[in-house]
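Colleague: Dropping in start39.cif, with mmCIF, C-alpha atoms.
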data_query
#
loop_
_atom_site.label_atom_id
_atom_site.label_comp_id
_atom_site.auth_asym_id
_atom_site.auth_seq_id
_atom_site.Cartn_x
_atom_site.Cartn_y
_atom_site.Cartn_z
CA LEU V 292 -66.75 25.12 -129.58
CA SER V 293 -64.57 23.40 -127.00
CA SER V 294 -62.10 20.51 -127.09
CA ALA V 295 -59.81 18.94 -124.51
CA ASP V 296 -57.61 15.85 -124.82
CA PHE V 297 -55.46 16.85 -121.83
CA SER V 298 -52.18 17.01 -123.71
CA THR V 299 -50.29 19.91 -125.24
CA THR V 300 -49.31 18.17 -128.47
CA THR V 301 -51.08 16.16 -131.13
CA ALA V 302 -48.91 13.17 -130.28
CA GLY V 303 -50.01 13.46 -126.65
CA THR V 304 -46.49 13.49 -125.20
CA VAL V 305 -46.99 16.28 -122.63
CA ALA V 306 -49.88 16.46 -120.16
CA SER V 307 -52.09 19.55 -119.88
CA ASN V 308 -55.18 20.54 -117.90
CA ASP V 309 -56.40 22.30 -121.08
CA GLY V 310 -57.77 25.12 -118.93
CA TYR V 311 -59.78 22.86 -116.63
CA THR V 312 -59.78 23.59 -112.89
CA ALA V 313 -59.32 20.56 -110.64
CA THR V 314 -60.03 20.06 -106.93
CA GLY V 315 -59.64 17.01 -104.71
CA LEU V 316 -57.99 14.03 -106.38
CA TRP V 317 -58.55 15.21 -109.97
CA HIS V 318 -55.28 15.51 -111.92
CA THR V 319 -53.72 14.70 -115.30
CA SER V 320 -52.58 11.11 -115.43
CA SER V 321 -50.79 8.71 -117.75
CA SER V 322 -52.36 5.73 -115.97
CA ARG V 323 -54.36 3.79 -118.56
CA GLY V 324 -52.72 6.07 -121.11
CA THR V 325 -52.17 3.22 -123.54
CA ALA V 326 -55.65 1.79 -123.08
CA ALA V 327 -57.88 1.61 -126.14
CA GLY V 328 -60.91 3.83 -126.53
CA HIS V 329 -59.37 7.26 -125.98
CA SER V 330 -56.73 9.48 -127.54
CA GLY V 331 -53.96 8.71 -124.99
CA ASN V 332 -51.46 9.22 -123.47
CA PHE V 333 -53.15 11.33 -120.79
CA SER V 334 -56.55 11.84 -119.24
CA MET V 335 -57.96 13.56 -116.17
CA TYR V 336 -58.12 11.07 -113.29
CA PHE V 337 -59.92 11.12 -109.96
CA GLY V 338 -57.84 8.80 -107.84
CA SER V 339 -54.38 8.30 -106.39
CA GLU V 340 -51.35 7.60 -108.58
CA ALA V 341 -49.77 5.73 -105.65
CA THR V 342 -52.65 3.33 -104.94
CA HIS V 343 -54.78 3.61 -108.11
CA GLN V 344 -57.78 4.03 -105.85
CA TYR V 345 -59.63 6.90 -104.21
CA ALA V 346 -60.09 7.38 -100.47
CA ALA V 347 -63.37 6.49 -98.74
CA SER V 348 -64.69 10.02 -98.26
CA SER V 349 -62.79 11.84 -100.98
CA THR V 350 -64.54 14.41 -103.15
CA GLY V 351 -63.48 16.57 -106.05
CA THR V 352 -64.67 18.66 -108.96
CA LEU V 353 -63.27 19.10 -112.46
CA THR V 354 -64.54 22.29 -114.11
CA SER V 355 -64.07 23.34 -117.73
CA PRO V 356 -63.17 26.80 -118.98
CA LEU V 357 -66.09 29.01 -120.02
CA ILE V 358 -67.80 27.69 -123.16
CA ASP V 359 -69.63 30.42 -125.08
CA LEU V 360 -72.90 29.27 -126.65
CA THR V 361 -74.25 32.78 -127.24
CA GLY V 362 -75.57 33.06 -130.77
CA ILE V 363 -75.82 29.28 -131.09
CA THR V 364 -79.19 27.92 -132.20
CA GLY V 365 -78.38 24.41 -133.48
CA LYS V 366 -78.06 21.09 -131.69
CA VAL V 367 -75.13 21.20 -129.27
CA THR V 368 -73.56 17.90 -128.20
CA LEU V 369 -71.05 16.94 -125.52
CA ASN V 370 -68.92 13.93 -126.45
CA LEU V 371 -66.33 12.32 -124.19
CA ASP V 372 -64.56 9.06 -123.37
CA TYR V 373 -64.54 7.79 -119.79
CA TYR V 374 -63.42 4.88 -117.63
CA LEU V 375 -65.28 4.49 -114.34
CA ALA V 376 -64.65 2.14 -111.43
CA ALA V 377 -66.77 3.36 -108.52
CA ALA V 378 -67.86 1.22 -105.58
CA GLY V 379 -71.58 0.69 -105.13
CA LYS V 380 -74.48 -1.69 -105.54
CA THR V 381 -78.01 -1.76 -106.84
CA GLN V 382 -80.84 -2.05 -104.30
CA GLY V 383 -84.50 -2.05 -105.24
CA GLY V 384 -83.62 -1.08 -108.78
CA SER V 385 -81.67 1.99 -107.66
CA ARG V 386 -77.90 2.36 -107.80
CA ARG V 387 -76.26 3.48 -104.55
CA GLY V 388 -72.64 4.09 -103.61
CA ASP V 389 -69.81 6.41 -104.56
CA GLY V 390 -71.08 8.99 -107.01
CA ALA V 391 -69.81 10.27 -110.35
CA GLY V 392 -71.70 13.04 -112.12
CA ILE V 393 -71.59 15.32 -115.15
CA GLY V 394 -73.33 18.68 -115.05
CA VAL V 395 -73.50 22.09 -116.67
CA LEU V 396 -72.87 25.23 -114.62
CA VAL V 397 -74.73 28.41 -115.66
CA ASN V 398 -74.82 31.53 -113.49
CA GLY V 399 -74.00 29.62 -110.32
CA THR V 400 -76.54 26.84 -110.88
CA THR V 401 -75.50 23.32 -111.90
CA THR V 402 -77.84 21.12 -113.93
CA THR V 403 -76.97 17.42 -113.66
CA LEU V 404 -76.99 15.62 -117.01
CA ALA V 405 -75.62 12.21 -116.05
CA THR V 406 -74.80 10.24 -112.92
CA ASN V 407 -73.98 6.67 -111.96
CA LEU V 408 -76.54 6.68 -109.14
CA GLY V 409 -80.33 6.44 -108.96
CA LEU V 410 -82.95 4.54 -110.92
CA ARG V 411 -81.75 5.29 -114.46
CA PRO V 412 -78.03 6.08 -114.33
CA ARG V 413 -76.46 7.44 -117.51
CA LEU V 414 -72.97 6.56 -116.27
CA ALA V 415 -71.88 3.01 -115.48
CA ASN V 416 -68.78 1.20 -114.33
CA THR V 417 -66.75 0.19 -117.37
CA THR V 418 -63.99 -2.26 -118.26
CA ALA V 419 -62.56 0.04 -120.95
CA PHE V 420 -62.78 3.66 -122.04
CA THR V 421 -66.35 4.17 -123.20
CA ALA V 422 -67.81 6.89 -125.42
CA LEU V 423 -70.65 9.02 -124.07
CA SER V 424 -72.77 11.63 -125.86
CA LEU V 425 -75.02 14.15 -124.07
CA ASN V 426 -77.34 16.76 -125.55
CA LEU V 427 -76.55 20.34 -124.48
CA THR V 428 -79.09 22.07 -126.75
CA GLN V 429 -81.09 23.33 -123.76
CA PHE V 430 -78.16 25.65 -123.02
CA ASP V 431 -78.10 27.36 -126.44
CA GLY V 432 -77.49 31.09 -126.13
CA GLN V 433 -75.76 30.86 -122.74
CA GLN V 434 -72.23 30.77 -121.36
CA ILE V 435 -71.59 27.47 -119.63
CA ARG V 436 -68.99 25.37 -117.85
CA LEU V 437 -68.88 21.59 -117.74
CA VAL V 438 -68.59 20.11 -114.25
CA PHE V 439 -67.40 16.57 -113.45
CA THR V 440 -67.91 15.59 -109.81
CA PHE V 441 -66.93 12.58 -107.75
CA ALA V 442 -67.84 11.87 -104.13
CA GLY V 443 -67.09 8.83 -101.98
CA ASN V 444 -69.90 7.94 -99.59
CA GLY V 445 -67.60 7.26 -96.65
CA ASP V 446 -67.86 3.48 -96.37
CA ALA V 447 -64.87 1.17 -96.59
CA THR V 448 -65.61 -0.03 -100.12
CA ILE V 449 -63.67 1.92 -102.75
CA GLY V 450 -62.60 1.57 -106.39
CA GLU V 451 -60.04 2.75 -108.89
CA GLY V 452 -61.86 5.98 -109.65
CA TRP V 453 -62.77 7.91 -112.78
CA TYR V 454 -60.84 8.80 -115.94
CA VAL V 455 -62.20 11.42 -118.37
CA ASP V 456 -60.72 12.21 -121.78
CA ASP V 457 -61.49 13.67 -125.22
CA VAL V 458 -64.11 16.13 -123.98
CA ASN V 459 -65.62 17.92 -126.97
CA VAL V 460 -68.56 20.30 -127.30
CA SER V 461 -69.78 20.83 -130.86
CA VAL V 462 -72.79 22.19 -132.72
CA ALA V 463 -74.48 20.52 -135.66
CA SER V 464 -74.16 22.81 -138.64
CA ALA V 465 -77.33 24.46 -139.84
CA ASP V 466 -75.68 25.40 -143.16
CA VAL V 467 -77.95 24.32 -146.01
CA ALA V 468 -77.43 24.33 -149.77
CA THR V 469 -80.65 24.24 -151.80
CA VAL V 470 -81.40 23.99 -155.51
CA GLY V 471 -84.88 24.69 -156.83
CA VAL V 472 -87.07 26.18 -159.50
CA LEU V 473 -88.38 29.73 -159.59
CA SER V 474 -91.60 30.04 -161.58
CA GLY V 475 -94.09 32.88 -161.47
CA GLY V 476 -92.29 34.36 -158.48
CA VAL V 477 -92.62 31.13 -156.47
CA PHE V 478 -89.57 29.13 -155.41
CA THR V 479 -89.99 25.35 -155.28
CA PRO V 480 -87.05 23.46 -153.73
CA LEU V 481 -86.00 20.27 -155.51
CA ALA V 482 -83.18 19.11 -153.22
CA ASP V 483 -80.95 20.36 -150.44
CA SER V 484 -77.88 19.24 -148.53
CA THR V 485 -80.02 17.43 -145.97
CA SER V 486 -81.89 15.47 -148.65
CA GLY V 487 -80.95 14.87 -152.26
CA LEU V 488 -77.70 16.85 -152.46
CA PRO V 489 -74.66 14.91 -151.16
CA ASN V 490 -72.65 16.86 -148.58
CA ASN V 491 -68.92 16.73 -147.78
CA THR V 492 -68.30 14.92 -151.05
CA GLY V 493 -64.58 15.52 -151.43
CA ILE V 494 -64.98 15.28 -155.21
CA TRP V 495 -67.33 16.64 -157.87
CA ASN V 496 -70.69 14.81 -157.83
CA ALA V 497 -73.33 14.48 -160.54
CA VAL V 498 -76.95 15.05 -159.46
CA SER V 499 -80.11 14.50 -161.51
CA LEU V 500 -83.35 16.20 -160.50
CA ASP V 501 -86.82 15.70 -161.97
CA ARG V 502 -88.38 18.92 -163.35
CA ALA V 503 -91.28 17.26 -165.21
CA SER V 504 -93.82 19.01 -163.00
CA PHE V 505 -92.81 22.32 -164.60
CA ASP V 506 -93.47 21.23 -168.21
CA GLY V 507 -95.06 24.03 -170.24
CA GLN V 508 -93.78 26.81 -167.94
CA GLN V 509 -91.02 29.38 -168.10
CA ILE V 510 -88.66 28.68 -165.23
CA GLN V 511 -85.37 29.71 -163.68
CA LEU V 512 -83.07 27.47 -161.69
CA GLN V 513 -82.10 29.01 -158.37
CA TYR V 514 -79.31 28.00 -156.01
CA LYS V 515 -79.55 29.10 -152.37
CA PHE V 516 -77.07 28.82 -149.53
CA THR V 517 -77.76 29.74 -145.91
CA SER V 518 -75.30 29.46 -143.03
CA ASP V 519 -75.50 29.65 -139.27
CA ALA V 520 -73.30 31.75 -136.98
CA SER V 521 -71.15 28.94 -135.63
CA ASN V 522 -68.93 26.83 -137.89
CA ASN V 523 -67.68 27.39 -141.42
CA ALA V 524 -66.49 25.21 -144.29
CA GLU V 525 -65.25 25.55 -147.86
CA GLY V 526 -68.66 26.12 -149.39
CA TRP V 527 -70.39 25.04 -152.60
CA TYR V 528 -69.19 24.83 -156.19
#
Give the structure from this file in C-alpha cells form.

Modeller:
Amino acid sequence: LSSADFSTTTAGTVASNDGYTATGLWHTSSSRGTAAGHSGNFSMYFGSEATHQYAASSTGTLTSPLIDLTGITGKVTLNLDYYLAAAGKTQGGSRRGDGAGIGVLVNGTTTTLATNLGLRPRLANTTAFTALSLNLTQFDGQQIRLVFTFAGNGDATIGEGWYVDDVNVSVASADVATVGVLSGGVFTPLADSTSGLPNNTGIWNAVSLDRASFDGQQIQLQYKFTSDASNNAEGWY
C-alpha cells in the first residue's frame, strides 16, 4: 500500500524523501546509515547534521503522501525502523521531556498511535535501530497520511534526535483457498489456506484429507478460491 526507504535505488546510494513532506529539522540523512537494523544508507532524521543534536525548542513534522485505504477491509499494519535519542525522565511512572510521536491524519484530524511520553509510551529511546509495528485497521476504508512529530520542551537538556526508516503500510491478505465436499447440496470444508492447506509453498505439496465421514454417500470434491480487493499473487494449482 505504501513503502518508503528514503532512497531512490535498491542499493540505497541516492537519498530521497519518497514523497514525504518535512518541516523543522526533518531531512534525509546518511548519519547512522551503516548502522544495523535498517535498510541503509539513508533515513529521515530530526536533528542537525552539524551537531548531531536538536535545538532546545525545535519542532518539526514529517508527513507521508496520501495512502489510500478505500476498499480495504483486512488488517492493515504500519511497520518501521527507528532510532530515538530524546531527552527526558520518568517521574511518578510517567515519561516527561522532549516528545516524539506517530499519528494518522484523516480529514484534518490526527489520531496519535504512539509516543515516547506519558504513562505507557509505545516509543522509547534506543541504542540501535528498532522495529516497530502498529495496527492501522481502524482506518480501513479511508484516505490517510502518516505523521511523525518531534517537539523539544525548551529546557537545556537535548539529545541526538530521531531517525525513521523503512516505513511500510501493508494489508494482510484475505485471499483464501478452500477444498471441501459437496453432498446433497451442502458444502463441507475440509481444509483451507489458513488451516490445513500450506500457503506460499514454492513447490508442489501433497495433502491428505480424511473423508471417512462421507462413507456411503455420493459426493463431489469442490475447490473454492476467494480474493480480496487489495493484493494479488500467482494463485492456486

Colleague: Nearest to Lys366 of chain V among V:Gly432, V:Gly475, V:Gly383, V:Gly487, with distances taken over only C-alpha atoms: which residue is it?

Modeller: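 Distance minimum relative to Lys366 of chain V lands on V:Gly432.
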
Colleague: For this structure, which residues satisfy the selection - the PyMOL selection byres ((chain V and resi 329) around 10) - when it is evaluated on the file as given? I want them as a list in words.

Modeller: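 The output of the PyMOL selection byres ((chain V and resi 329) around 10) on this file is Asp296, Arg323, Gly324, Thr325, Ala326, Ala327, Gly328, Ser330, Gly331, Asn332, Phe333, Ser334, Leu371, Asp372, Tyr373, Tyr374, Ala419, Phe420, Thr421, Ala422, Val455, Asp456 and Asp457 of chain V.
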
Colleague: Write out as a PyMOL selection string the residues lying within 10 Å of segment 337-354 of chain V, counting only C-alpha atoms and excluding same-chain residues fewer than 6 positions away.

Modeller: chain V and resi 308+310-322+375-378+389-396+436-455

Colleague: Please write the residues picked by the PyMOL selection byres ((chain V and resi 484) around 9) on this file as JSON, numbers by chain.

Modeller: {"V": [466, 467, 468, 469, 482, 483, 485, 486, 487, 488, 489, 490]}

Colleague: Step by step, gather every atom of segment 460-476 of chain V that the file lists, find the box along x, y and z that holds them, add 5 Å on each side, and finally give centre and edge lengths in Å to one decimal, as lines of an AutoDock Vina configuration file.

Modeller:
center_x = -81.3
center_y = 27.3
center_z = -144.4
size_x = 35.5
size_y = 24.1
size_z = 44.3

Colleague: Measuring between all atoms listed in the file, which one of V:Leu500, V:Asn426, V:Thr368, V:Gly384 shows the shortest distance to Leu404 of chain V?

Modeller: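 Looking only at the distances to Leu404 of chain V, the closest residue turns out to be V:Asn426.
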
Colleague: Tell me, in Å to one decimal, how far atom CA of Thr361 of chain V is from atom CA of Ser518 of chain V.

Modeller: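 Interatomic distance here is 16.2 Å.
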
Colleague: Figure out the distance between atom CA of Leu292 of chain V and atom CA of Asn459 of chain V, please, to one decimal in Å.

Modeller: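 These two atoms are separated by 7.7 Å.
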
Colleague: When you look at Arg413 of chain V with a cut-off of 9 Å (counting all atoms listed in the file), what residues show up, excluding the ones that are within fewer than 4 positions of it in the same chain? I need them as a ChimeraX atom specification.

Modeller: /V:404-408,423
